[in-house]
Amino acid sequence: MRFFTAGESHGPQLTAIIEGLPAQMPLTAEMINNELKRRQGGHGRGRRMQIEKDQVLITSGVRHGKTLGSPVTLTVVNDDWKHWTSIMGIEPLADDVNPEDIKRQITRPRPGHADLVGGMKYGHRDLRNVLERSSARETTMRVAIGAVAKQFLCQLNIQTVAHVTEIGGITTNPETYSELSMEELRQVIENDPVYCADKEASTRMVAAIDDIKGRGDTLGGVVEVIVEGCPPGIGSYVQFDRKMDGKLAGAMMSINAFKGVEFGLGFKMAQKPGSEVHDEIVWSEELGYYRKSNRLGGLEGGMTTGMPIVIRGVMKPIPTLYKPLESVDIDTKEPFVATIERSDPCAVPAASVVAEHVIATEMAKAIMEEFRSDTMDGLKEEIERYRQYVKEF
Ligand SMILES: Cc1cc2nc3c(=O)[nH]c(=O)nc-3n(C[C@H](O)[C@H](O)[C@H](O)COP(=O)(O)O)c2cc1C
Ligand SMILES: C=C(O[C@@H]1CC(C(=O)O)=C[C@@H](OP(=O)(O)O)[C@H]1O)C(=O)O
């Protein structure tokens, strides 16, 4: 499976093309729209999310609710486009229009965003040409693609869920959710304003977001994605670029503003002896091989172990601040104090939805590389056979 996304944040629409999905897989726009709605939510989003009502249109690759095996094209219209048609026009400017006269030319780069380096790299003196594509508006299509991947994984009894574990230094207590099933965890976070499973921490996170917003500043945090039901042996140790942990980490780091990744115990492993890190191996007739604990987060030697995959990513605070940091106007070379129109004070809850979907996409891609069939039923049979084989190994 391979895919591309395209589209500017304030352009007419966003597009994704996915190629390599098996035929006969159930797929509906409704399933994708539910996930798009979750990405738009979460306490801490700015005014843009009140303008957009993200709804996907499937324009190829699906007929009567099932994939055809041909490329699937997804589009989401930017409702905000109508306010930007002159600034973001596709056609060349008329001869009598001076580009400098187009409103809202951006010459003042924001520290922490792509503006300055993107402008240098592509020769754009209007930094809007950079921010339009570097914007996390693109994550809409990452979620749309991931929603398709989740439907694929669901056919194979592989489930994913993501939740927020930290915002602005407020952390969850894992004891409040460690006993929950995937389904229970999903239900708890769906009813929570910051997609967090610890009620007490959630209340404090909401207050922290309101407080930081009032002070014109922004907050980051940590999100955790769990994948359950994946068979052992996805990914490989035989070549560096086939290691599953590397692929998952790369996917997580491809999300705007994500700056670190860890699996299982993660960075805490540095403080512990090996006996408190590695997971002991056991076997039973009913379950086959499994581990007594899951401190490594479901990966050994670049391969899934069959235990739940547990991956966390850290999101830095949003760079566009109402309380601006020092920067330099690229035309005048003078320092300036920026004024901004709108931004998200905290997008960690929304980013948890994005994280779940990019991880689901990477898992689906890896499974399609590992097992070959052009039909969904063929793939199901392949995986079932393999699951039985590893159980008895
Ligand atoms: C869901 C989501 C929403 C975001 N919203 C904003 C925003 O409103 N304003 C902003 O400046 N950055 C926002 N960001 C972060 C920027 O897109 C990101 O910092 C920028 O693209 C630069 O990339 P980098 O932080 O990975 O270096 C958001 C990120 C995500 C994942
Ligand atoms: C549009 C989305 O997020 C945007 C991500 C973003 C950024 O700089 O990354 C900046 C903001 O865009 P705008 O300047 O239009 O308000 C966010 O709203 C979205 O998540 O769909």
# chains A, B, ... in the order shown; residues from 1 in each chain; ligands from 1
call {"tool": "select_by_dssp", "arguments": {"residues": "range 215-309 of chain A", "states": "alpha helix (DSSP H)", "output": "number ranges by chain"}}
result
A: 244-253
call {"tool": "write_last_selection", "arguments": {"atoms": "C-alpha atoms", "output": "CSV table (one decimal), in the first residue's frame"}}
result
chain,number,residue,atom,x,y,z
A,244,MET,CA,8.9,-2.1,12.5
A,245,ASP,CA,9.9,0.1,15.5
A,246,GLY,CA,11.8,2.4,13.1
A,247,LYS,CA,8.8,2.6,10.8
A,248,LEU,CA,6.4,3.4,13.6
A,249,ALA,CA,8.7,5.9,15.1
A,250,GLY,CA,9.1,7.6,11.6
A,251,ALA,CA,5.3,7.7,11.2
A,252,MET,CA,4.8,9.3,14.7
A,253,MET,CA,7.6,11.8,14.0
call {"tool": "residues_near_ligand", "arguments": {"ligand": "ligand 1", "cutoff": "7 Å", "atoms": "only C-alpha atoms and all ligand atoms", "output": "list in words"}}
result
Gly46, Gly112, His113, Ala114, Ser134, Ser135, Ala136, Thr139, Ile255, Asn256, Ala257, Phe258, Lys316, Ile318, Pro319, Thr320, Ser343, Asp344, Ala347, Val348, Ala350 and Ala351 of chain A
call {"tool": "write_last_selection", "arguments": {"atoms": "N, CA and C atoms", "output": "compact mmCIF listing (two decimals), in the first residue's frame"}}
result
# COMPACT_ATOMS: atom_id res chain seq x y z
N GLY A 46 -8.67 26.05 18.05
CA GLY A 46 -8.94 27.46 17.77
C GLY A 46 -10.17 27.65 16.88
N GLY A 112 9.72 28.42 15.40
CA GLY A 112 9.12 27.11 15.68
C GLY A 112 8.24 26.59 14.57
N HIS A 113 7.88 27.45 13.60
CA HIS A 113 7.09 26.96 12.45
C HIS A 113 8.05 26.84 11.26
N ALA A 114 7.51 26.42 10.10
CA ALA A 114 8.36 26.14 8.94
C ALA A 114 8.68 27.41 8.15
N SER A 134 2.78 23.53 5.13
CA SER A 134 3.37 23.03 6.38
C SER A 134 2.31 22.95 7.48
N SER A 135 1.16 23.57 7.27
CA SER A 135 0.08 23.55 8.27
C SER A 135 -0.39 22.13 8.56
N ALA A 136 -0.77 21.93 9.81
CA ALA A 136 -1.30 20.62 10.22
C ALA A 136 -2.70 20.37 9.67
N THR A 139 -3.05 17.01 8.30
CA THR A 139 -3.31 15.81 9.11
C THR A 139 -4.75 15.30 8.93
N ILE A 255 4.26 13.54 12.17
CA ILE A 255 3.14 14.43 12.54
C ILE A 255 3.70 15.80 12.93
N ASN A 256 3.06 16.84 12.45
CA ASN A 256 3.51 18.21 12.76
C ASN A 256 3.68 18.37 14.27
N ALA A 257 4.80 18.93 14.66
CA ALA A 257 5.09 19.30 16.05
C ALA A 257 5.48 18.13 16.95
N PHE A 258 5.60 16.91 16.41
CA PHE A 258 6.03 15.78 17.24
C PHE A 258 7.55 15.73 17.29
N LYS A 316 5.37 19.17 20.84
CA LYS A 316 5.83 20.44 21.43
C LYS A 316 4.64 21.41 21.49
N ILE A 318 2.33 24.46 20.49
CA ILE A 318 2.06 25.10 19.19
C ILE A 318 2.94 26.35 19.04
N PRO A 319 3.57 26.53 17.86
CA PRO A 319 4.49 27.69 17.73
C PRO A 319 3.82 29.05 17.56
N THR A 320 2.59 29.11 17.01
CA THR A 320 1.96 30.43 16.83
C THR A 320 1.43 30.90 18.17
N SER A 343 -5.16 30.77 16.24
CA SER A 343 -4.32 29.58 16.33
C SER A 343 -4.89 28.67 17.42
N ASP A 344 -4.39 27.43 17.47
CA ASP A 344 -4.82 26.49 18.50
C ASP A 344 -3.94 26.70 19.73
N ALA A 347 -3.27 21.50 20.79
CA ALA A 347 -3.88 20.55 19.85
C ALA A 347 -3.48 19.11 20.19
N VAL A 348 -3.07 18.88 21.44
CA VAL A 348 -2.63 17.53 21.81
C VAL A 348 -3.77 16.50 21.67
N ALA A 350 -6.36 16.51 19.62
CA ALA A 350 -6.52 16.26 18.17
C ALA A 350 -5.35 15.45 17.64
N ALA A 351 -4.15 15.76 18.12
CA ALA A 351 -2.95 15.05 17.65
C ALA A 351 -2.97 13.58 18.07
call {"tool": "residues_around", "arguments": {"residues": "Thr140 in chain A", "least_positions_apart": "6", "cutoff": "10 Å", "atoms": "only C-alpha atoms", "output": "PyMOL selection string"}}
result
chain A and resi 5+14-16+35-37+39-40+54-56+75-76+146+354
call {"tool": "write_last_selection", "arguments": {"atoms": "N, CA and C atoms", "output": "CSV table (one decimal), in the first residue's frame"}}
result
chain,number,residue,atom,x,y,z
A,5,THR,N,-0.7,12.6,0.1
A,5,THR,CA,-1.7,13.6,0.4
A,5,THR,C,-1.3,14.8,-0.4
A,14,LEU,N,-8.5,19.2,0.1
A,14,LEU,CA,-7.4,18.3,0.4
A,14,LEU,C,-7.7,16.9,-0.3
A,15,THR,N,-6.6,16.3,-0.8
A,15,THR,CA,-6.8,15.0,-1.5
A,15,THR,C,-5.9,14.0,-1.0
A,16,ALA,N,-6.3,12.7,-1.1
A,16,ALA,CA,-5.4,11.6,-0.8
A,16,ALA,C,-5.6,10.5,-1.8
A,35,GLU,N,-14.1,9.5,12.2
A,35,GLU,CA,-12.7,9.8,12.7
A,35,GLU,C,-12.3,11.2,12.4
A,36,LEU,N,-12.8,11.8,11.3
A,36,LEU,CA,-12.4,13.2,11.0
A,36,LEU,C,-13.0,14.1,12.0
A,37,LYS,N,-14.2,13.7,12.5
A,37,LYS,CA,-14.9,14.6,13.5
A,37,LYS,C,-14.1,14.5,14.8
A,39,ARG,N,-10.9,14.2,15.1
A,39,ARG,CA,-9.7,15.0,14.9
A,39,ARG,C,-10.0,16.5,15.1
A,40,GLN,N,-11.2,16.9,14.7
A,40,GLN,CA,-11.6,18.3,14.8
A,40,GLN,C,-11.9,18.7,16.2
A,54,ASP,N,-15.4,18.8,8.4
A,54,ASP,CA,-14.7,17.8,7.5
A,54,ASP,C,-15.5,16.6,7.2
A,55,GLN,N,-15.8,16.4,5.9
A,55,GLN,CA,-16.5,15.3,5.4
A,55,GLN,C,-15.8,14.8,4.2
A,56,VAL,N,-15.6,13.5,4.1
A,56,VAL,CA,-14.8,12.9,3.0
A,56,VAL,C,-15.8,12.6,1.8
A,75,THR,N,-11.3,13.0,-0.9
A,75,THR,CA,-11.2,14.4,-0.9
A,75,THR,C,-12.0,15.0,0.3
A,76,VAL,N,-11.5,16.1,0.8
A,76,VAL,CA,-12.2,16.9,1.9
A,76,VAL,C,-12.1,18.3,1.4
A,146,GLY,N,-5.8,6.9,7.5
A,146,GLY,CA,-5.7,6.0,8.6
A,146,GLY,C,-7.0,5.3,8.9
A,354,VAL,N,-4.6,11.9,15.3
A,354,VAL,CA,-3.7,11.8,14.2
A,354,VAL,C,-2.7,10.7,14.4
call {"tool": "closest_residue", "arguments": {"among": "A:Val282, A:Val194, A:Leu296, A:Ile309", "to": "Val227 in chain A", "atoms": "only C-alpha atoms"}}
result
A:Ile309
call {"tool": "closest_residue", "arguments": {"among": "A:Glu184, A:Asp80, A:Asp329, A:Asp217", "to": "ligand 2", "atoms": "only C-alpha atoms and all ligand atoms"}}
result
A:Asp80
call {"tool": "closest_residue", "arguments": {"among": "A:Pro231, A:Gly169, A:Pro109, A:Gly301", "to": "Ile209 in chain A", "atoms": "only C-alpha atoms"}}
result
A:Gly169
call {"tool": "atom_distance", "arguments": {"atom1": "CA of Thr218 in chain A", "atom2": "CA of Pro345 in chain A"}}
result
4.6 Å
